[in-house]
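Student: Structure in structure tokens, see below.
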Amino acid sequence: MKKFFPGVVFFAVAIAAAAVALFAYFAAQEAARIKFDATADEALNRIQSRVDLHMSLLRSTQALFKVEQGTVNPSEFKSFFDALNVSDNFEGLRGIGFVRLIEKGQEGAVESELAQHGDGQKEVYPETDLTLRAPIVLFEPRDQDNSSGMGYDMMTDPIRRPAIESAISTGEPRATGRVMLGEATGSSQTYPGFLIFLTVTPEVEPTSTTAGGLLYIVFRSADLFHATLGRAPLLPVQVEIFDTAVGDQNLLYRSAAPLSEAYGGSLLAMREIVVAGRRWSVIFRPSAEFAPPSSRIMPFALGLFGLLLAGAVALVARYQQRAFEAISALHETTESSLAEKDLMLQEMKHRIKNSIARVLAMSRQTAAHSKDMNEFATSFSARLQAMSNSQDMLTRSYGQKADMEELLRMELGQVFGGELPADAMDGPKIMLNETATQAMGLTFHELATNAIKYGRANKEGTLRVSWLVKNEVKNKVLTLRWEELGSGKINPPEKTGFGTKLIDMNIVRELRGTIERAFGDDGIVITITIPLNE
């Protein structure tokens with residue numbers, strides 16, 4: 001029996017080593033799967049956020065039509081589109097259009113409208129027996145292909161028609177299935193994409209045409225998803241997006257990233273999202289850039305190490321214990337990360353809804369206080385850019401905080417242009433939370449706009465901003481002093497404008513602070529005091 005003991009020990013330890021190697025192998029596979037799922041969820045969040053951003057643009061355009069009571073001519077529509085700087089602020093969007101809802105037999109009125117718009121002798125096409133028609137009458141940006149599509153009746157397309165009917169009956173944005181853009185209008189090139197429709201007036205009956213028509217936004221799938229997933233940091237995934245169900249006939253987008261040779265067939269994540277009432281199926285696979293949490297060679301190295309150290313049973317047992325503890329810690333960390341991810345998703349949805357609500361309110365109030373379309377477009381675009389600057393700073397900060405001096409310098413630079421004098425700002429480093437960043441960004445923009453508008457900052461060196469922080473009983477308090485001097489006596493305004501109301505609402509209501517304005521013989525001094533919440 002003793003002569004077989006070395007062999008028995010060898011085989012026993014070898015079996016134990018093989019078991020440890022196998023255990024480590026499956027642990028590495030599980031860690032790779034968890035990491036890949038988290039990457040897929042981040043990519044899905046990017047897609048959802050990008051679509052939600054474009055939906056806010058559709059709502060803002062709806063507000064324009066409501067302000068103009070449904071009557072917007074091509075020049076006004078183009079001015080609004082150009083003022084929003086869509087190519088930079090809404091990357092991935094093909095364009096915005098408007099279709100007129102008419103009943104069969106009313107085509108002549110639309111053809112006359114197109115002729116007045118300068119589109120020539122356009123006819124509503126193609127012929128149809130449908131009683132309700134939806135020809136295109138406005139679209140931006142205009143090019144040769146878009147011009148040829150003026151007058152095209154979207155109700156004749158079996159893919160577009162269900163989305164139009166659903167948008168009319170619900171008053172909510174509704175997306176189409178996959179559409180080959182350019183095919184219906186006879187373009188030489190076609191691209192897969194989709195459209196989202198929204199009625200100008202949501203309070204319409206399902207069969208009513210009194211709303212005048214529907215707004216719509218158009219996406220080329222490749223442009224939209226490349227803008228979404230192609231920005232830094234790049235995610236190591238290959239993405240396939242299908243309308244409703246998986247199938248080549250429903251394919252909206254497939255990224256060109258090469259598959260990972262190691263994990264291409266073993267890792268797969270499938271997700272579903274609802275975009276404007278339309279369900280999408282999304283498949284994620286690891287690309288060649290996907291790096292697993294640990295090397296796949298480790299399990300084989302462990303097996304070899306166990307064979308070489310067959311007699312060191314205690315060392316193998318100790319390693320097994322450490323491996324088990326590491327795996328347990330990995331599972332605990334993963335569960336915590338998943339819970340944190342769910343919380344972040346809910347918070348993101350809440351923030352997006354709040355942002356859309358703020359944009360809608362700001363568009364309505366800006367329209368109400370604007371004299372004409374150009375003033376509305378200029379003011380609304382500037383305020384939207386101020387919100388975008390604040391959000392961009394928060395996005396670049398992992399702690400969801402922004403440097404106040406950087407935020408102030410960005411907003412002043414946007415309004416005044418060029419570099420500010422070195423002594424224009426003075427104060428300690430202050431990190432603002434998300435709420436304070438959004439509110440103070442808009443406040444700085446409105447203060448700077450007022451300074452330019454009323455001539456109080458037309459000379460270099462006349463504007464100075466300083467701040468300090470005091471420790472109160474319960475928290476810290478920020479006191480900011482905005483001085484516009486050297487322009488002579490300034491009297492208090494007889495009427496409070498929307499910009500001043502927006503400043504007061506941000507400081508008093510949202511940040512629970514105070515604001516004081518001192519009008520003097522040499523200019524104006526504004527003192528803002530807010531609590532600094534961590």
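Note on naming: chains are A, B, ... as they come in the structure tokens, residues start from 1 per chain, ligands start from 1 in the order shown.
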Just the residues within 12 Å of Ile96 of chain A, please, counting only C-alpha atoms, with nothing from its chain fewer than 6 positions along; format it as an mmCIF file with N, CA and C atoms, in the first residue's frame.
Tutor:
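Printed below is out.cif as written:
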data_model
loop_
_atom_site.group_PDB
_atom_site.id
_atom_site.type_symbol
_atom_site.label_atom_id
_atom_site.label_comp_id
_atom_site.auth_asym_id
_atom_site.auth_seq_id
_atom_site.Cartn_x
_atom_site.Cartn_y
_atom_site.Cartn_z
ATOM 1 N N HIS A 54 -33.326 64.080 -28.973
ATOM 2 C CA HIS A 54 -33.983 64.507 -30.208
ATOM 3 C C HIS A 54 -35.492 64.672 -30.012
ATOM 4 N N MET A 55 -36.080 63.884 -29.109
ATOM 5 C CA MET A 55 -37.511 64.049 -28.825
ATOM 6 C C MET A 55 -37.780 65.429 -28.215
ATOM 7 N N LEU A 57 -36.220 68.116 -29.000
ATOM 8 C CA LEU A 57 -36.230 69.042 -30.134
ATOM 9 C C LEU A 57 -37.586 69.018 -30.829
ATOM 10 N N LEU A 58 -38.178 67.827 -30.964
ATOM 11 C CA LEU A 58 -39.498 67.716 -31.578
ATOM 12 C C LEU A 58 -40.537 68.469 -30.752
ATOM 13 N N ARG A 59 -40.458 68.348 -29.423
ATOM 14 C CA ARG A 59 -41.383 69.067 -28.557
ATOM 15 C C ARG A 59 -41.185 70.587 -28.678
ATOM 16 N N SER A 60 -39.932 71.018 -28.792
ATOM 17 C CA SER A 60 -39.667 72.450 -28.919
ATOM 18 C C SER A 60 -40.229 72.994 -30.230
ATOM 19 N N THR A 61 -40.105 72.215 -31.302
ATOM 20 C CA THR A 61 -40.678 72.634 -32.578
ATOM 21 C C THR A 61 -42.200 72.687 -32.496
ATOM 22 N N GLN A 62 -42.796 71.758 -31.736
ATOM 23 C CA GLN A 62 -44.243 71.797 -31.506
ATOM 24 C C GLN A 62 -44.633 73.106 -30.815
ATOM 25 N N PHE A 77 -39.426 78.816 -40.580
ATOM 26 C CA PHE A 77 -39.019 77.448 -40.244
ATOM 27 C C PHE A 77 -37.506 77.284 -40.398
ATOM 28 N N LYS A 78 -36.953 77.844 -41.454
ATOM 29 C CA LYS A 78 -35.504 77.757 -41.675
ATOM 30 C C LYS A 78 -34.738 78.543 -40.613
ATOM 31 N N PHE A 80 -35.661 79.160 -37.536
ATOM 32 C CA PHE A 80 -35.724 78.381 -36.298
ATOM 33 C C PHE A 80 -34.727 77.220 -36.342
ATOM 34 N N PHE A 81 -34.700 76.522 -37.465
ATOM 35 C CA PHE A 81 -33.795 75.381 -37.613
ATOM 36 C C PHE A 81 -32.333 75.828 -37.525
ATOM 37 N N ASP A 82 -31.991 76.915 -38.239
ATOM 38 C CA ASP A 82 -30.605 77.394 -38.228
ATOM 39 C C ASP A 82 -30.194 77.889 -36.846
ATOM 40 N N LEU A 84 -31.077 76.843 -33.947
ATOM 41 C CA LEU A 84 -30.827 75.746 -33.008
ATOM 42 C C LEU A 84 -29.495 75.058 -33.252
ATOM 43 N N VAL A 86 -28.552 72.658 -35.311
ATOM 44 C CA VAL A 86 -28.870 71.236 -35.172
ATOM 45 C C VAL A 86 -27.665 70.351 -35.464
ATOM 46 N N SER A 87 -26.842 70.725 -36.431
ATOM 47 C CA SER A 87 -25.718 69.857 -36.804
ATOM 48 C C SER A 87 -24.744 69.646 -35.661
ATOM 49 N N PHE A 90 -27.491 68.503 -32.150
ATOM 50 C CA PHE A 90 -28.324 67.299 -32.302
ATOM 51 C C PHE A 90 -27.703 66.408 -33.382
ATOM 52 N N ILE A 136 -45.989 66.360 -47.668
ATOM 53 C CA ILE A 136 -44.920 67.156 -47.059
ATOM 54 C C ILE A 136 -44.998 68.580 -47.603
ATOM 55 N N VAL A 137 -44.965 69.585 -46.688
ATOM 56 C CA VAL A 137 -44.980 70.989 -47.126
ATOM 57 C C VAL A 137 -43.775 71.777 -46.593
ATOM 58 N N LEU A 138 -43.119 71.303 -45.526
ATOM 59 C CA LEU A 138 -41.934 71.986 -44.989
ATOM 60 C C LEU A 138 -40.881 70.938 -44.639
ATOM 61 N N PHE A 139 -39.614 71.289 -44.873
ATOM 62 C CA PHE A 139 -38.523 70.411 -44.435
ATOM 63 C C PHE A 139 -37.229 71.211 -44.385
ATOM 64 N N GLU A 140 -36.445 70.957 -43.359
ATOM 65 C CA GLU A 140 -35.108 71.536 -43.222
ATOM 66 C C GLU A 140 -34.154 70.463 -42.700
ATOM 67 N N PRO A 141 -32.906 70.445 -43.170
ATOM 68 C CA PRO A 141 -32.321 71.329 -44.187
ATOM 69 C C PRO A 141 -32.734 70.897 -45.591
ATOM 70 N N ARG A 142 -32.761 71.851 -46.504
ATOM 71 C CA ARG A 142 -33.200 71.559 -47.864
ATOM 72 C C ARG A 142 -31.996 71.222 -48.736
ATOM 73 N N ASN A 146 -34.365 66.413 -50.877
ATOM 74 C CA ASN A 146 -35.488 66.856 -50.053
ATOM 75 C C ASN A 146 -36.489 67.669 -50.871
ATOM 76 N N LEU A 195 -38.628 57.413 -38.876
ATOM 77 C CA LEU A 195 -39.186 58.731 -38.619
ATOM 78 C C LEU A 195 -39.973 58.690 -37.318
ATOM 79 N N ILE A 196 -40.096 59.858 -36.675
ATOM 80 C CA ILE A 196 -40.950 60.012 -35.491
ATOM 81 C C ILE A 196 -41.904 61.174 -35.758
ATOM 82 N N PHE A 197 -43.203 60.916 -35.598
ATOM 83 C CA PHE A 197 -44.240 61.909 -35.864
ATOM 84 C C PHE A 197 -44.826 62.434 -34.553
ATOM 85 N N LEU A 198 -45.273 63.704 -34.582
ATOM 86 C CA LEU A 198 -45.942 64.327 -33.439
ATOM 87 C C LEU A 198 -46.913 65.377 -33.972
ATOM 88 N N LEU A 214 -48.759 67.352 -38.897
ATOM 89 C CA LEU A 214 -47.858 66.704 -37.945
ATOM 90 C C LEU A 214 -46.428 67.128 -38.241
ATOM 91 N N LEU A 215 -45.670 67.277 -37.174
ATOM 92 C CA LEU A 215 -44.230 67.453 -37.284
ATOM 93 C C LEU A 215 -43.574 66.082 -37.320
ATOM 94 N N TYR A 216 -42.406 66.010 -37.923
ATOM 95 C CA TYR A 216 -41.681 64.735 -37.894
ATOM 96 C C TYR A 216 -40.174 65.006 -37.977
ATOM 97 N N ILE A 217 -39.433 64.110 -37.396
ATOM 98 C CA ILE A 217 -37.976 64.148 -37.500
ATOM 99 C C ILE A 217 -37.511 62.869 -38.188
ATOM 100 N N VAL A 218 -36.450 62.991 -38.970
ATOM 101 C CA VAL A 218 -35.963 61.892 -39.795
ATOM 102 C C VAL A 218 -34.544 61.529 -39.369
ATOM 103 N N PHE A 219 -34.287 60.234 -39.274
ATOM 104 C CA PHE A 219 -32.963 59.747 -38.902
ATOM 105 C C PHE A 219 -32.471 58.757 -39.953
#
Student: If you count only C-alpha atoms, which residues fall within 8 Å of Arg464 of chain A, apart from same-chain ones fewer than 6 positions away, as a list in words?
Tutor: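 Close residues of Arg464 of chain A: Asp423, Ala424, Met425, Trp482, Glu483 and Glu484 of chain A.
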Student: Which polymer residues have any atom within 8 Å of an atom of Gly193 of chain A, counting only C-alpha atoms, with same-chain residues fewer than 6 positions away left out, as a list in words?
Tutor: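 Once the adjacent positions are removed, what remains is Arg178, Val179, Met180, Leu181, Val218, Phe219, Arg220, Ser221, Ala222 and Leu252 of chain A.
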Student: Could you write out the selected residues, including all heavy atoms, as a short mmCIF file (atom, residue, chain, number, x, y, z; two decimals), in the first residue's frame?
Tutor:
data_model
loop_
_atom_site.label_atom_id
_atom_site.label_comp_id
_atom_site.auth_asym_id
_atom_site.auth_seq_id
_atom_site.Cartn_x
_atom_site.Cartn_y
_atom_site.Cartn_z
N ARG A 178 -38.66 50.30 -39.93
CA ARG A 178 -37.53 50.64 -40.79
C ARG A 178 -38.03 51.14 -42.13
O ARG A 178 -38.88 50.51 -42.77
CB ARG A 178 -36.62 49.43 -41.00
CG ARG A 178 -35.33 49.80 -41.72
CD ARG A 178 -34.46 48.60 -41.97
NE ARG A 178 -34.84 47.89 -43.18
CZ ARG A 178 -34.01 47.16 -43.93
NH1 ARG A 178 -32.75 47.03 -43.56
NH2 ARG A 178 -34.43 46.53 -45.00
N VAL A 179 -37.51 52.30 -42.54
CA VAL A 179 -37.88 52.92 -43.81
C VAL A 179 -36.61 53.09 -44.64
O VAL A 179 -35.57 53.50 -44.11
CB VAL A 179 -38.55 54.30 -43.58
CG1 VAL A 179 -38.82 54.99 -44.90
CG2 VAL A 179 -39.83 54.14 -42.79
N MET A 180 -36.68 52.77 -45.92
CA MET A 180 -35.56 53.04 -46.82
C MET A 180 -35.72 54.47 -47.32
O MET A 180 -36.51 54.76 -48.22
CB MET A 180 -35.54 52.04 -47.98
CG MET A 180 -35.27 50.61 -47.54
SD MET A 180 -33.73 50.44 -46.59
CE MET A 180 -32.52 50.91 -47.83
N LEU A 181 -35.00 55.39 -46.70
CA LEU A 181 -35.12 56.81 -47.02
C LEU A 181 -34.68 57.07 -48.46
O LEU A 181 -33.63 56.60 -48.90
CB LEU A 181 -34.28 57.64 -46.06
CG LEU A 181 -34.64 57.51 -44.57
CD1 LEU A 181 -33.67 58.31 -43.72
CD2 LEU A 181 -36.06 57.97 -44.33
N VAL A 218 -36.45 62.99 -38.97
CA VAL A 218 -35.96 61.89 -39.79
C VAL A 218 -34.54 61.53 -39.37
O VAL A 218 -33.71 62.41 -39.13
CB VAL A 218 -35.97 62.29 -41.29
CG1 VAL A 218 -35.57 61.10 -42.15
CG2 VAL A 218 -37.33 62.80 -41.71
N PHE A 219 -34.29 60.23 -39.27
CA PHE A 219 -32.96 59.75 -38.90
C PHE A 219 -32.47 58.76 -39.95
O PHE A 219 -33.21 57.87 -40.37
CB PHE A 219 -32.99 59.02 -37.56
CG PHE A 219 -33.46 59.85 -36.41
CD1 PHE A 219 -34.79 59.83 -36.01
CD2 PHE A 219 -32.58 60.66 -35.71
CE1 PHE A 219 -35.23 60.58 -34.95
CE2 PHE A 219 -33.01 61.42 -34.64
CZ PHE A 219 -34.34 61.38 -34.26
N ARG A 220 -31.24 58.96 -40.39
CA ARG A 220 -30.52 57.87 -41.04
C ARG A 220 -29.91 57.03 -39.92
O ARG A 220 -29.15 57.54 -39.10
CB ARG A 220 -29.44 58.40 -41.96
CG ARG A 220 -29.96 59.01 -43.26
CD ARG A 220 -28.80 59.51 -44.12
NE ARG A 220 -29.27 60.14 -45.34
CZ ARG A 220 -28.47 60.79 -46.19
NH1 ARG A 220 -27.18 60.89 -45.92
NH2 ARG A 220 -28.97 61.33 -47.30
N SER A 221 -30.24 55.75 -39.92
CA SER A 221 -29.81 54.91 -38.80
C SER A 221 -28.31 54.95 -38.58
O SER A 221 -27.83 55.08 -37.45
CB SER A 221 -30.27 53.46 -39.04
OG SER A 221 -31.66 53.39 -39.15
N ALA A 222 -27.55 54.86 -39.67
CA ALA A 222 -26.09 54.84 -39.53
C ALA A 222 -25.58 56.12 -38.90
O ALA A 222 -24.70 56.09 -38.02
CB ALA A 222 -25.44 54.62 -40.89
N LEU A 252 -32.01 47.86 -38.46
CA LEU A 252 -31.82 49.30 -38.49
C LEU A 252 -30.34 49.68 -38.57
O LEU A 252 -29.96 50.64 -39.24
CB LEU A 252 -32.44 49.95 -37.25
CG LEU A 252 -33.97 49.98 -37.18
CD1 LEU A 252 -34.41 50.47 -35.80
CD2 LEU A 252 -34.55 50.87 -38.26
#
Student: Just the residues within 12 Å of segment 240-242 of chain A, please, counting only C-alpha atoms, with nothing from its chain fewer than 2 positions along; format it as a short mmCIF file (atom, residue, chain, number, x, y, z; two decimals) with N, CA, C and O atoms, in the first residue's frame.
Tutor:
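Written output follows (around.cif):
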data_model
loop_
_atom_site.label_atom_id
_atom_site.label_comp_id
_atom_site.auth_asym_id
_atom_site.auth_seq_id
_atom_site.Cartn_x
_atom_site.Cartn_y
_atom_site.Cartn_z
N ALA A 40 -22.79 46.54 -22.18
CA ALA A 40 -23.97 46.57 -23.04
C ALA A 40 -25.03 47.53 -22.48
O ALA A 40 -25.67 48.27 -23.23
N ALA A 43 -24.07 51.08 -23.30
CA ALA A 43 -24.36 51.40 -24.70
C ALA A 43 -25.86 51.63 -24.91
O ALA A 43 -26.27 52.55 -25.63
N LEU A 44 -26.69 50.82 -24.26
CA LEU A 44 -28.14 50.99 -24.37
C LEU A 44 -28.57 52.34 -23.80
O LEU A 44 -29.44 53.02 -24.35
N ILE A 47 -27.95 55.07 -26.30
CA ILE A 47 -28.95 55.11 -27.37
C ILE A 47 -30.22 55.78 -26.87
O ILE A 47 -30.79 56.65 -27.53
N GLY A 177 -41.55 51.94 -38.45
CA GLY A 177 -40.61 50.85 -38.59
C GLY A 177 -39.45 51.27 -39.48
O GLY A 177 -39.28 52.45 -39.79
N ARG A 178 -38.66 50.30 -39.93
CA ARG A 178 -37.53 50.64 -40.79
C ARG A 178 -38.03 51.14 -42.13
O ARG A 178 -38.88 50.51 -42.77
N PRO A 192 -31.24 53.07 -44.90
CA PRO A 192 -32.18 52.63 -43.85
C PRO A 192 -32.30 53.69 -42.76
O PRO A 192 -31.30 54.30 -42.37
N GLY A 193 -33.50 53.91 -42.30
CA GLY A 193 -33.72 54.89 -41.24
C GLY A 193 -35.12 54.75 -40.67
O GLY A 193 -35.80 53.74 -40.89
N PHE A 194 -35.56 55.76 -39.94
CA PHE A 194 -36.89 55.77 -39.37
C PHE A 194 -37.31 57.21 -39.10
O PHE A 194 -36.49 58.13 -39.12
N SER A 221 -30.24 55.75 -39.92
CA SER A 221 -29.81 54.91 -38.80
C SER A 221 -28.31 54.95 -38.58
O SER A 221 -27.83 55.08 -37.45
N ALA A 222 -27.55 54.86 -39.67
CA ALA A 222 -26.09 54.84 -39.53
C ALA A 222 -25.58 56.12 -38.90
O ALA A 222 -24.70 56.09 -38.02
N LEU A 224 -27.25 58.31 -36.92
CA LEU A 224 -27.70 58.44 -35.53
C LEU A 224 -26.88 57.56 -34.59
O LEU A 224 -26.35 58.04 -33.58
N PHE A 225 -26.74 56.29 -34.93
CA PHE A 225 -26.09 55.38 -34.00
C PHE A 225 -24.57 55.52 -34.02
O PHE A 225 -23.91 55.23 -33.02
N LEU A 229 -22.76 55.97 -30.53
CA LEU A 229 -21.81 54.97 -30.04
C LEU A 229 -20.38 55.27 -30.48
O LEU A 229 -19.44 54.63 -29.96
N VAL A 237 -17.99 47.00 -28.04
CA VAL A 237 -19.12 46.14 -28.40
C VAL A 237 -19.43 46.28 -29.88
O VAL A 237 -19.21 47.32 -30.49
N GLN A 238 -19.93 45.18 -30.44
CA GLN A 238 -20.55 45.23 -31.77
C GLN A 238 -22.05 45.24 -31.54
O GLN A 238 -22.58 44.45 -30.76
N THR A 244 -38.60 45.92 -33.91
CA THR A 244 -39.58 44.93 -33.46
C THR A 244 -38.97 43.56 -33.24
O THR A 244 -38.92 43.05 -32.12
N ALA A 245 -38.50 42.90 -34.30
CA ALA A 245 -38.00 41.54 -34.17
C ALA A 245 -36.70 41.39 -34.95
O ALA A 245 -36.43 42.13 -35.90
N VAL A 246 -35.90 40.39 -34.54
CA VAL A 246 -34.61 40.14 -35.19
C VAL A 246 -34.86 39.59 -36.58
O VAL A 246 -35.64 38.65 -36.77
N GLY A 247 -34.20 40.16 -37.56
CA GLY A 247 -34.33 39.73 -38.95
C GLY A 247 -33.73 40.77 -39.87
O GLY A 247 -33.81 41.97 -39.59
N ASP A 248 -33.12 40.33 -40.98
CA ASP A 248 -32.46 41.29 -41.87
C ASP A 248 -33.43 42.32 -42.42
O ASP A 248 -33.06 43.47 -42.67
N GLN A 249 -34.71 41.94 -42.60
CA GLN A 249 -35.68 42.90 -43.14
C GLN A 249 -36.01 43.99 -42.12
O GLN A 249 -36.57 45.04 -42.49
N ASN A 250 -35.69 43.76 -40.85
CA ASN A 250 -35.95 44.75 -39.80
C ASN A 250 -34.67 45.41 -39.29
O ASN A 250 -34.72 46.15 -38.30
N LEU A 251 -33.54 45.13 -39.90
CA LEU A 251 -32.25 45.64 -39.41
C LEU A 251 -32.17 47.15 -39.59
O LEU A 251 -32.25 47.67 -40.70
N LEU A 252 -32.01 47.86 -38.46
CA LEU A 252 -31.82 49.30 -38.49
C LEU A 252 -30.34 49.68 -38.57
O LEU A 252 -29.96 50.64 -39.24
N TYR A 253 -29.49 48.93 -37.87
CA TYR A 253 -28.07 49.33 -37.79
C TYR A 253 -27.24 48.12 -37.37
O TYR A 253 -27.66 47.30 -36.56
N ARG A 254 -26.05 48.02 -37.96
CA ARG A 254 -25.07 47.01 -37.54
C ARG A 254 -23.70 47.70 -37.55
O ARG A 254 -23.27 48.21 -38.57
N SER A 255 -23.04 47.75 -36.40
CA SER A 255 -21.75 48.42 -36.32
C SER A 255 -20.68 47.61 -37.04
O SER A 255 -20.79 46.38 -37.19
N ALA A 256 -19.65 48.31 -37.47
CA ALA A 256 -18.58 47.67 -38.26
C ALA A 256 -17.46 47.14 -37.40
O ALA A 256 -16.47 46.63 -37.93
N ALA A 257 -17.55 47.23 -36.08
CA ALA A 257 -16.46 46.77 -35.21
C ALA A 257 -16.26 45.27 -35.37
O ALA A 257 -17.23 44.50 -35.34
N LEU A 268 -23.06 37.15 -25.31
CA LEU A 268 -24.14 37.77 -26.07
C LEU A 268 -25.10 38.43 -25.08
O LEU A 268 -25.45 37.84 -24.06
N ALA A 269 -25.50 39.66 -25.38
CA ALA A 269 -26.46 40.37 -24.54
C ALA A 269 -27.59 40.89 -25.43
O ALA A 269 -27.34 41.58 -26.42
N MET A 270 -28.82 40.54 -25.07
CA MET A 270 -29.99 41.00 -25.82
C MET A 270 -30.81 41.92 -24.94
O MET A 270 -31.08 41.61 -23.77
N ARG A 271 -31.21 43.07 -25.48
CA ARG A 271 -31.99 44.04 -24.74
C ARG A 271 -33.15 44.52 -25.63
O ARG A 271 -33.13 44.38 -26.85
N GLU A 272 -34.16 45.09 -24.97
CA GLU A 272 -35.28 45.70 -25.67
C GLU A 272 -35.51 47.10 -25.11
O GLU A 272 -35.43 47.30 -23.90
N ILE A 273 -35.79 48.06 -26.00
CA ILE A 273 -36.15 49.40 -25.57
C ILE A 273 -37.36 49.86 -26.40
O ILE A 273 -37.58 49.35 -27.51
N VAL A 274 -38.11 50.78 -25.84
CA VAL A 274 -39.28 51.32 -26.53
C VAL A 274 -38.97 52.77 -26.91
O VAL A 274 -38.67 53.60 -26.05
N VAL A 275 -39.01 53.06 -28.20
CA VAL A 275 -38.71 54.38 -28.73
C VAL A 275 -39.96 54.92 -29.40
O VAL A 275 -40.41 54.41 -30.43
N ARG A 278 -42.44 52.42 -30.25
CA ARG A 278 -41.94 51.35 -31.11
C ARG A 278 -40.91 50.53 -30.35
O ARG A 278 -39.99 51.08 -29.74
N ARG A 279 -41.05 49.21 -30.36
CA ARG A 279 -40.12 48.35 -29.61
C ARG A 279 -38.95 47.95 -30.51
O ARG A 279 -39.15 47.47 -31.64
N TRP A 280 -37.74 48.15 -29.98
CA TRP A 280 -36.53 47.75 -30.69
C TRP A 280 -35.87 46.58 -29.96
O TRP A 280 -35.86 46.53 -28.73
N SER A 281 -35.30 45.65 -30.74
CA SER A 281 -34.49 44.57 -30.20
C SER A 281 -33.02 44.91 -30.48
O SER A 281 -32.65 45.20 -31.62
N VAL A 282 -32.20 44.85 -29.45
CA VAL A 282 -30.79 45.23 -29.57
C VAL A 282 -29.92 44.05 -29.14
O VAL A 282 -30.14 43.47 -28.07
N ILE A 283 -28.97 43.69 -29.98
CA ILE A 283 -28.06 42.58 -29.70
C ILE A 283 -26.65 43.15 -29.58
O ILE A 283 -26.18 43.87 -30.47
N PHE A 284 -25.98 42.82 -28.48
CA PHE A 284 -24.60 43.26 -28.25
C PHE A 284 -23.67 42.03 -28.25
O PHE A 284 -23.98 41.01 -27.62
N ARG A 285 -22.54 42.17 -28.94
CA ARG A 285 -21.49 41.15 -28.92
C ARG A 285 -20.16 41.87 -28.64
O ARG A 285 -19.99 43.03 -29.03
N PRO A 286 -19.22 41.21 -27.98
CA PRO A 286 -17.93 41.87 -27.69
C PRO A 286 -17.12 42.07 -28.97
O PRO A 286 -17.06 41.19 -29.82
#
Student: Name the residues of segment 146-220 of chain A that fall into helix (DSSP H, G or I) according to DSSP on the backbone, using the chain letters and numbers of this document, as a PDB file with C-alpha atoms, in the first residue's frame.
Tutor:
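The resulting file, selection.pdb, is shown below:
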ATOM      1  CA  ASN A 146     -35.488  66.856 -50.053  1.00  0.00           C
ATOM      2  CA  SER A 147     -36.875  69.307 -52.609  1.00  0.00           C
ATOM      3  CA  SER A 148     -38.000  66.433 -54.832  1.00  0.00           C
ATOM      4  CA  MET A 154     -46.755  59.862 -46.429  1.00  0.00           C
ATOM      5  CA  MET A 155     -50.127  58.213 -45.792  1.00  0.00           C
ATOM      6  CA  THR A 156     -49.588  56.154 -48.944  1.00  0.00           C
ATOM      7  CA  ARG A 160     -45.306  55.481 -42.253  1.00  0.00           C
ATOM      8  CA  ARG A 161     -49.136  55.359 -42.148  1.00  0.00           C
ATOM      9  CA  PRO A 162     -49.523  53.394 -38.828  1.00  0.00           C
ATOM     10  CA  ALA A 163     -47.178  55.820 -37.052  1.00  0.00           C
ATOM     11  CA  ILE A 164     -49.122  58.839 -38.383  1.00  0.00           C
ATOM     12  CA  GLU A 165     -52.482  57.366 -37.344  1.00  0.00           C
ATOM     13  CA  SER A 166     -51.164  56.459 -33.885  1.00  0.00           C
ATOM     14  CA  ALA A 167     -49.681  59.954 -33.388  1.00  0.00           C
ATOM     15  CA  ILE A 168     -53.048  61.515 -34.319  1.00  0.00           C
ATOM     16  CA  SER A 169     -55.077  59.231 -32.018  1.00  0.00           C
ATOM     17  CA  THR A 170     -52.767  59.486 -28.972  1.00  0.00           C
TER      18      THR A 170
END
Student: For a test of reading the model, state the distance in Å between atom CA of Glu111 of chain A and atom CA of Glu172 of chain A, rounded to one decimal.
Tutor: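 So the two atoms, atom CA of Glu111 of chain A and atom CA of Glu172 of chain A, lie 28.3 Å apart.
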Student: Of the residues A:Thr228, A:Gln189, A:Thr527, A:Asn73, which is the one nearest to Gln48 of chain A, using only C-alpha atoms?
Tutor: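 Ranked by minimum distance to Gln48 of chain A, first place goes to A:Thr228.
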Student: Just give me the gap between atom CA of His445 of chain A and atom CA of Leu412 of chain A in Å, one decimal is fine.
Tutor: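 Here the two named atoms are 7.0 Å from each other.
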Student: Going by DSSP on the backbone, which residues of segment 122-172 of chain A come out as strand (DSSP E)? List them as a ChimeraX atom specification.
Tutor: /A:132-133,136-140
Student: Could you tell me which of A:Glu446, A:Asp223, A:Glu91, A:Asp521 comes closest to Lys501 of chain A if we count only C-alpha atoms?
Tutor: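 Among the listed residues, the smallest separation from Lys501 of chain A belongs to A:Glu446.
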